[in-house]
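Undergrad: Here it is: the structure, laid out below.
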Amino acid sequence: MGIYIALGANMPSQIDGKSRGVLDSLNYVETHLCAAGTVSIVRKSKYWKNPSWPYGQGHPDFLNAVWEIETELEPLALLVFLKTIEAAFGRVPTQRNAPRPLDLDIIDYNSRELETKDLSLPHPRMTHRAFVLFPLAEIAPNWTHPKSGQKIWEAIARLPLNDALSCNPS
């Protein structure tokens with residue numbers, strides 16, 4: 001069990017009035033997550049590069065990672081905290097899958113199952129995303145989906161070949 005968040009970006013950010021590139025932005029996320037003392041990072045995957053999704057949109061490639069964290073925040077409070085960080089990085093919610101300077105998602109919270117209008121746990125689309133599964137497998141190779149019981153390597157094996165091949169460690 002663990003609390004896992006996925007992070008990704010494919011656009012520069014504006015942090016404290018300063019423009020930062022994608023990699024610099026993602027590296028700076030840790031400062032914001034841990035600043036209040038409510039989150040600590042246990043493990044971090046490498047960054048994984050993949051084309052913007054859905055394919056054919058002509059947007060810049062994404063860098064993605066999965067981090068295991070510890071926090072006393074309950075899932076909905078953690079979600080609010082993550083959305084506050086996204087906003088600090090210049091994210092303005094628009095259409096789904098639009099380019100963004102930062103995306104933070106809770107993908108699993110101690111194997112809890114939760115359905116609210118704002119949050120579904122585990123993340124409902126995580127097993128269809130190579131850019132979530134590969135980094136998660138890197139830091140939690142024995143992870144099992146709380147609802148289906150599917151092992152992470154089984155989920156990876158079920159990915160469409162194009163998705164699996166398009167996601168590479170950066």
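Just remember, in the structure tokens the first chain shown is A, the second B, etc., residues are 1-based per chain, and ligands are 1-based in the order shown.
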May I have all residues of segment 18-169 of chain A that DSSP, computed from the backbone, assigns to helix (DSSP H, G or I), given as JSON, numbers by chain?
TA: {"A": [22, 23, 24, 25, 26, 27, 28, 29, 30, 31, 32, 33, 34, 35, 75, 76, 77, 78, 79, 80, 81, 82, 83, 84, 85, 86, 87, 88, 126, 127, 128, 130, 131, 132, 133, 134, 135, 136, 137, 138, 139, 152, 153, 154, 155, 156, 157, 161, 162, 163, 164, 165, 166]}
Undergrad: Skipping near chain neighbours, those fewer than 4 positions away, what residues fall within 9 Å of segment 117-124 of chain A using only C-alpha atoms, listed as a list in words?
TA: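 So the residues in contact are Pro75, Leu76, Leu79, Asp105, Ile106, Ile107, Asp108, Tyr109, Ser111, Arg112, Glu113, His128, His145, Pro146 and Lys147 of chain A.
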Undergrad: Just the residues within 8 Å of Leu26 of chain A, please, counting only C-alpha atoms, with nothing from its chain fewer than 4 positions along; format it as a PyMOL selection string.
TA: chain A and resi 7-9+22+30+102
Undergrad: Go ahead and save the residues from that selection, with N, CA and C atoms, as an mmCIF file, in the first residue's frame.
TA:
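Final output, result38.cif:
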```
data_model
loop_
_atom_site.group_PDB
_atom_site.id
_atom_site.type_symbol
_atom_site.label_atom_id
_atom_site.label_comp_id
_atom_site.auth_asym_id
_atom_site.auth_seq_id
_atom_site.Cartn_x
_atom_site.Cartn_y
_atom_site.Cartn_z
ATOM 1 N N LEU A 7 2.506 12.825 -11.993
ATOM 2 C CA LEU A 7 2.721 14.200 -12.393
ATOM 3 C C LEU A 7 3.203 14.237 -13.826
ATOM 4 N N GLY A 8 2.813 15.279 -14.525
ATOM 5 C CA GLY A 8 3.211 15.422 -15.905
ATOM 6 C C GLY A 8 3.076 16.861 -16.349
ATOM 7 N N ALA A 9 3.767 17.172 -17.443
ATOM 8 C CA ALA A 9 3.709 18.515 -18.019
ATOM 9 C C ALA A 9 4.205 18.450 -19.458
ATOM 10 N N VAL A 22 9.766 22.713 -18.924
ATOM 11 C CA VAL A 22 9.025 21.559 -18.412
ATOM 12 C C VAL A 22 9.827 20.781 -17.373
ATOM 13 N N GLU A 30 8.567 19.339 -6.171
ATOM 14 C CA GLU A 30 8.897 18.807 -4.849
ATOM 15 C C GLU A 30 8.955 19.916 -3.802
ATOM 16 N N LEU A 102 1.371 21.779 -15.696
ATOM 17 C CA LEU A 102 1.492 20.809 -14.619
ATOM 18 C C LEU A 102 0.174 20.067 -14.454
#
```
Undergrad: Can you work out the spacing between atom CA of Leu133 of chain A and atom CA of Asn10 of chain A in Å, to one decimal?
TA: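 Pair atom CA of Leu133 of chain A / atom CA of Asn10 of chain A returns 18.4 Å.
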Undergrad: Could you tell me, as a VMD selection string, which residues of chain A DSSP assigns to strand (DSSP E or B) when given the backbone?
TA: chain A and resid 3 to 9 13 to 15 18 to 20 39 to 44 48 to 50 62 to 71 103 to 109 114 to 115 120 to 121 144 151 168 to 169
Undergrad: Which residues are near Glu68 of chain A? Cut-off 6 Å, only C-alpha atoms, ignore same chain within fewer than 3 positions. Put them as a VMD selection string.
TA: chain A and resid 3 to 4 42 to 43
Undergrad: Write a file of the selected residues as a JSON list (two decimals), in the first residue's frame, keeping N, CA and C atoms.
TA:
```json
[["chain", "number", "residue", "atom", "x", "y", "z"],
["A", 3, "ILE", "N", 0.54, 5.83, -1.13],
["A", 3, "ILE", "CA", -0.15, 6.92, -1.79],
["A", 3, "ILE", "C", 0.71, 7.29, -2.99],
["A", 4, "TYR", "N", 0.12, 7.20, -4.17],
["A", 4, "TYR", "CA", 0.85, 7.45, -5.41],
["A", 4, "TYR", "C", 0.20, 8.59, -6.16],
["A", 42, "VAL", "N", 8.44, 9.68, -0.67],
["A", 42, "VAL", "CA", 9.06, 8.42, -0.29],
["A", 42, "VAL", "C", 9.94, 7.90, -1.43],
["A", 43, "ARG", "N", 9.39, 7.88, -2.64],
["A", 43, "ARG", "CA", 10.08, 7.36, -3.82],
["A", 43, "ARG", "C", 9.65, 8.14, -5.05]]
```
Undergrad: Residues near Thr71 of chain A, anyone? I mean within 12 Å using only C-alpha atoms, not counting same-chain ones fewer than 5 positions away, as a VMD selection string.
TA: chain A and resid 2 to 5 33 to 34 36 to 42 77 to 79 81 109 to 110
Undergrad: So which one's closest to Gln150 of chain A, A:Asn162, A:Thr127, A:Asn168, A:Asn64? Using only C-alpha atoms, please.
TA: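 Ranked by minimum distance to Gln150 of chain A, first place goes to A:Thr127.
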Undergrad: In Å, rounded to a single decimal, give me how far atom CA of Pro93 of chain A is from atom CA of Glu115 of chain A.
TA: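 Separating atom CA of Glu115 of chain A from atom CA of Pro93 of chain A is a distance of 21.2 Å.
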Undergrad: Within 7 Å of Lys49 of chain A, counting only C-alpha atoms, which residues qualify if same-chain residues fewer than 4 places away don't, as a list in words?
TA: Asp61, Phe62, Leu63, Asn64, Cys167, Asn168, Pro169 and Ser170 of chain A
Undergrad: Kindly give the distance, in Å, that separates atom CA of Glu138 of chain A and atom CA of Met11 of chain A, rounded to a single decimal.
TA: 24.6 Å
Undergrad: Nearest to Ser19 of chain A among A:Pro99, A:Gly90, A:Pro160, A:Pro141, with distances taken over only C-alpha atoms: which residue is it?
TA: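 Looking at the shortest contact to Ser19 of chain A, the residue is A:Gly90.
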